[in-house]
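Trainee: Dropping the structure in here first, questions after.
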Amino acid sequence: MSTLKTLADLKSGQQGKIISIKDHHHRHHGINQKLQSMGILEGKIITKVSSQWMRGPVVFRCGKTDIAVGHRMARKILVEEVKPGENS
């Protein structure tokens, strides 16, 4: 059974499949477009690389690219936890 979490909730090294990117506020629309232009789309497998203590940036890897987003944005990226080797 799969577990849904936000990117912010993943631990470093954990993988997740993007289920959705919440966009409740119009001001975040540009961020969603930027993520999409970098290939960060629903269905993609990402790996959390690191995060800063006290809500600093969250770094994750999609393919061979490392991307940093703010903690607030990381809480808007909903992922389904994936165990290593399941990322086909």
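Please note that chains go A, B, ... in the order of the structure tokens, that every chain numbers its residues from 1, and that ligands are numbered from 1 in the order shown.
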Might you pull out every residue within 7 Å of range 67-75 of chain A, with only C-alpha atoms counted and same-chain residues fewer than 4 positions away left off, and present them as a PyMOL selection string?

Mentor: chain A and resi 6-8+55-61

Trainee: Would you mind exporting the chosen residues as a PDB file, in the first residue's frame, restricted to N, CA and C atoms?

Mentor:
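As a result, result-v1.pdb now contains:
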ATOM      1  N   THR A   6       4.061  14.955   1.397  1.00  0.00           N
ATOM      2  CA  THR A   6       4.569  16.085   0.626  1.00  0.00           C
ATOM      3  C   THR A   6       6.078  15.894   0.474  1.00  0.00           C
ATOM      4  N   LEU A   7       6.653  16.593  -0.499  1.00  0.00           N
ATOM      5  CA  LEU A   7       8.099  16.549  -0.671  1.00  0.00           C
ATOM      6  C   LEU A   7       8.799  16.950   0.624  1.00  0.00           C
ATOM      7  N   ALA A   8       8.253  17.920   1.331  1.00  0.00           N
ATOM      8  CA  ALA A   8       8.861  18.375   2.585  1.00  0.00           C
ATOM      9  C   ALA A   8       8.893  17.261   3.634  1.00  0.00           C
ATOM     10  N   ARG A  55      12.894  25.151   8.120  1.00  0.00           N
ATOM     11  CA  ARG A  55      12.143  25.529   6.925  1.00  0.00           C
ATOM     12  C   ARG A  55      12.945  26.225   5.839  1.00  0.00           C
ATOM     13  N   GLY A  56      14.181  25.908   5.721  1.00  0.00           N
ATOM     14  CA  GLY A  56      14.981  26.447   4.628  1.00  0.00           C
ATOM     15  C   GLY A  56      14.657  25.712   3.338  1.00  0.00           C
ATOM     16  N   PRO A  57      15.486  25.872   2.306  1.00  0.00           N
ATOM     17  CA  PRO A  57      15.210  25.234   1.024  1.00  0.00           C
ATOM     18  C   PRO A  57      15.280  23.708   1.088  1.00  0.00           C
ATOM     19  N   VAL A  58      14.496  23.084   0.210  1.00  0.00           N
ATOM     20  CA  VAL A  58      14.466  21.636   0.066  1.00  0.00           C
ATOM     21  C   VAL A  58      15.072  21.320  -1.299  1.00  0.00           C
ATOM     22  N   VAL A  59      16.068  20.438  -1.313  1.00  0.00           N
ATOM     23  CA  VAL A  59      16.727  20.057  -2.562  1.00  0.00           C
ATOM     24  C   VAL A  59      16.260  18.656  -2.941  1.00  0.00           C
ATOM     25  N   PHE A  60      15.854  18.507  -4.209  1.00  0.00           N
ATOM     26  CA  PHE A  60      15.462  17.193  -4.691  1.00  0.00           C
ATOM     27  C   PHE A  60      16.054  16.966  -6.074  1.00  0.00           C
ATOM     28  N   ARG A  61      16.131  15.699  -6.460  1.00  0.00           N
ATOM     29  CA  ARG A  61      16.713  15.319  -7.747  1.00  0.00           C
ATOM     30  C   ARG A  61      15.620  14.728  -8.617  1.00  0.00           C
TER      31      ARG A  61
END

Trainee: Report the distance between CA of Leu4 in chain A and CA of Gln33 in chain A in Å, rounded to one decimal place.

Mentor: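 Calculated distance between CA of Leu4 in chain A and CA of Gln33 in chain A is 22.9 Å.
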
Trainee: Give the answer as one residue: which of A:Ile45, A:Cys62, A:Ile18, A:Leu10 has the shortest atom-to-atom distance to Leu78 in chain A, using only C-alpha atoms?

Mentor: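 Looking at the shortest contact to Leu78 in chain A, the residue is A:Ile18.
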
Trainee: List every residue of chain A that DSSP, applied to the backbone of this structure, assigns to helix (DSSP H, G or I), and report them as a PyMOL selection string.

Mentor: chain A and resi 7-9+26-37+71-74

Trainee: Could you check the closest approach to Glu80 in chain A for each of A:Thr47, A:Ser37, A:Thr3, A:Ser20 and tell me which residue wins, using only C-alpha atoms?

Mentor: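 Residue with the minimum atom-to-atom distance to Glu80 in chain A: A:Thr3.
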